[in-house]
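Inspection log for the structure reproduced underneath, given as structure tokens.
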Amino acid sequence: MTKRIKLRTLLVGGVITLLFAVLFSKIYWVQVVEADFWSDKARQVWSSSQTLKAVRGTITDRDGTVLAMDSAAYIVAVNPEVIHKLGTEDFVVSKLHLILGKPESELREIIAAKKEDGEYFTQREVRPEGFKIDKATHDRVVALTEELKKMKPKANDVGIYLLPETKRYYPKDTSAAHVLGYINKDGKAVGGIESYLNKELSGTEGKIKYERDGNGIILEDGTVEFVPSKDGSNVKLTIDADIQHYVEEAIQEVYDKYQPHSISAIAADPQTMEILGMANLPSYNPNEYWKSSQAGFFNPIVQSQYEPGSTFKIVTLSGAVEEGYFNPNAEYMSGSIKVSGKIINDIKRGGWGEISYLEGLKKSSNVAFVKLGYEMLKTDKLLQYIQDFGFGVKTGIELPGEIKGDVSIDRNIPRDVATVTFGQNVAVSPIQQVAAIAAAANGGRLLEPHIVKEIEDPATNKTVVKEPKVIRQVISKEASKKVSEYLEQVVSDGTGKNAYIPGYRVAGKTGTAQKVVNGKYSEDEFVVSFIGYAPADNPKIIVYVVVDSPNDKELGGGAVAAPVFKNIVQNSLRHMGVAPKLPDTDEETGANQKDPMVSVPDLNGSSLEQAKSKLDSRALKAEIVGKGKTVKQQIPASGTKLTLNQTVYLLTEERSELAVPNMRGSSLREALEICSLLGIQAVAEGQGFVTDQTLAKLNGKRVLKLTLAPPDTEESAEGDQSGEAGEEAPEDASEAKAESGR
């Protein structure tokens, strides 16, 4: 018995001794042999890291007006567990549906979401409607949480959270949308400068990593790893926000009137090729990009190519002038010309008889340009000039998706070469066309177009400035001057007369080109355009307007596009401080060259056409009030002195029947006069000029609230509406290839 007890004791003691030996061996192995390994593992458990986000750089116009910036945003999240405990599911679903616009069925799915173990989730984000919401929506969600707290006063948590975030904000909404692009809700840059300069704008994320104890408190002697974030660079564009506004306002008017597939306009400084304004319709709002149709995101200015039609004649003209072939007084027989056995017709069947080449330019004669380009310059020189003017290659503008166009002309087919002289069998992008014609205007220098002016690194304050870049000298200064003089006559006495601006020398050319549809020239779809610059002797601005398929097929570039050009250029030159050169004061105009004020003529009893014509000759705008056809009263009265480009209101109906006109840009005195005339009570807020107006009713009477601001914050008044058709429609659209250039 005693022996057994001893054996058991020895056995148990041996097992315990063995276990301790194994335990001490393991401890030695862990703490000595693998000490470094387990120390690193422990640090990973103790350590905490945090990503430091970089601030995306701002985008501004040339004067520092902010066009894109980061701003505060919020993510809406819900706690299904808490909401079910409180029994507020139906109330929360109903309210969030109204606030966020998210379908109730989808909200119920989020609030009913459970883990694999059957327990409700404690946090679920409401996407996409509740992702990166703005301050106004944030405030409505806060109001909802306050309402829930009143319903459940004992609850510390009502199950709705607002998580801080940042989002990209575009203060001017749709303005310059195709230039800027946007940042989607997933943080990806799409289109425009946002995409093209995404690397520069994004910056670099940083991080901080530190050690903490079991309570989450940072250890004083712990290791800290810190990599600072680097904010993105700030980008200053060449865009002028005011000129951008003039461009957008002008194309909107034509887009509404003629309902084309699209309309595009570019304004640039021809001396530097800095883009001052660029816009297309249809467009989109980068703050709400998801609400727009796919067509609105396309930027035809760099992503489309067109047969330019007669605006391309400037290239042929420039080459002919440079080579000494263009004699403005020499005559030729207009109407038609035979090339390799095939007839090419002028836009007017039968032509105008024997006319000078200058007259042919003013009438946009195809025959004149076939003779100048095909017969005089000949194939090799003609195609060389087309290449030298920059066609067939990308311009290098800082926008994504630019195409190079198509100038692959078969020089062995005489008719194809001949029709290129007036803008057929060649496809160009609008930005290429602007760069080329700017070269003809600025002394013959082909410049690389730019939309980025400066890129500033906020950490170092180092700024990279984009300087004008000359690609090549295409024609001489002397030839450029002559081309401008000839194109000036197209505007003063030719197809471009609707682009004429009193007091300024304007040079330009109209274009009307038949579209190619399914490989054939369409009989009823046209691309109409106008390109020009001013002042012709020292250009400060060049503008190109392209209208794709306006609904009135009888109108050409002179009738549809030239008035848009006029509107943009007239407002822009005034904004740039380029004063018109008007004659000394006389009885007819009341204008004075040193003090450009004009007298308002007596318009009472005049037809609207007569009134518009009289105002236009004095560089004044007409705002029609009413639906009549005769002026019954005018504001201001005849004899009043106004500065150029101010508005005269033409009343065509009785006061009781009149709608309230748009008075943005008017002085308070003018606005009060109009309100008095219409029998409307006016309430003014602020000082300066009218920037906004709101019509309401008080005790059955109309009351107009006027918001005013000083001139430096004043929104530009709307552009004038003028111009009749300046070109002749083709008599027979079946002569497609012969009659596309106007």
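By order in the structure tokens, chains are A, B, ...; within a chain, residues start at 1; ligands start at 1, following the order shown.
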
All residues 6 Å or closer to range 304-317 of chain A, only C-alpha atoms, same chain fewer than 4 positions away omitted, as a list in words: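 Once the nearby chain positions are removed, what remains is Pro300, Gly373, Gly405, Thr421, Phe422, Gly423, Gln424, Val426, Ala427, Val428, Ser429, Lys509, Thr510, Gly511, Thr512, Ala513, Gly741 and Arg742 of chain A.
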
DSSP on the backbone, then: every residue of range 201-294 of chain A marked strand (DSSP E), written as a ChimeraX atom specification. /A:206-211,225-227,234-237,262-269,274-281

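Picture a line from CA of Ile208 in chain A to CA of Ser233 in chain A; it runs 22.3 Å.
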
Show me, as CSV, the residues of range 519-607 of chain A having an atom within 12 Å of range 353-367 of chain A, each with the closest atom pair and its distance in Å, using only C-alpha atoms.
residue,atom,partner,partner_atom,distance
A:Gly556,CA,A:Ser364,CA,11.8
A:Gly557,CA,A:Ser364,CA,11.5
A:Gly558,CA,A:Ser364,CA,11.0

Include all heavy atoms and write out the residues we just selected as a PDB file, in the first residue's frame.
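The resulting out.pdb:
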ATOM      1  N   GLY A 556     -28.645  80.290 -92.200  1.00  0.00           N
ATOM      2  CA  GLY A 556     -27.232  79.925 -92.175  1.00  0.00           C
ATOM      3  C   GLY A 556     -26.516  80.540 -90.987  1.00  0.00           C
ATOM      4  O   GLY A 556     -27.120  81.075 -90.057  1.00  0.00           O
ATOM      5  N   GLY A 557     -25.186  80.483 -91.048  1.00  0.00           N
ATOM      6  CA  GLY A 557     -24.375  80.976 -89.946  1.00  0.00           C
ATOM      7  C   GLY A 557     -24.541  82.460 -89.681  1.00  0.00           C
ATOM      8  O   GLY A 557     -24.444  82.912 -88.541  1.00  0.00           O
ATOM      9  N   GLY A 558     -24.809  83.243 -90.746  1.00  0.00           N
ATOM     10  CA  GLY A 558     -24.963  84.682 -90.564  1.00  0.00           C
ATOM     11  C   GLY A 558     -26.195  85.037 -89.764  1.00  0.00           C
ATOM     12  O   GLY A 558     -26.205  86.023 -89.030  1.00  0.00           O
TER      13      GLY A 558
END

Find the spatial neighbours of Glu288 in chain A, counting only C-alpha atoms, within a cut-off of 12 Å - ignore same-chain residues fewer than 3 positions away - and output them as a list in words. Glu129, Lys132, Ile133, Asp134, Lys167, Arg168, Tyr169, Tyr170, Asp173, Thr174, Ala177, Gly181, Tyr182, Ile183, Asn184, Lys185, Ser283, Tyr284, Asn285, Lys291, Ser292 and Ser293 of chain A

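For the atom pair formed by CA of Ala330 in chain A and CA of Ala368 in chain A, the distance is 10.8 Å, given to one decimal.
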
Residues flagged helix (DSSP H, G or I) by DSSP in range 228-378 of chain A, as JSON, numbers by chain: {"A": [241, 242, 243, 244, 245, 246, 247, 248, 249, 250, 251, 252, 253, 254, 255, 256, 257, 258, 286, 287, 288, 289, 290, 291, 294, 295, 296, 297, 300, 301, 302, 303, 309, 310, 311, 312, 313, 314, 315, 316, 317, 318, 319, 320, 321, 322, 357, 358, 359, 360, 361, 362, 366, 367, 368, 369, 370, 371, 372, 373, 374, 375, 376, 377, 378]}
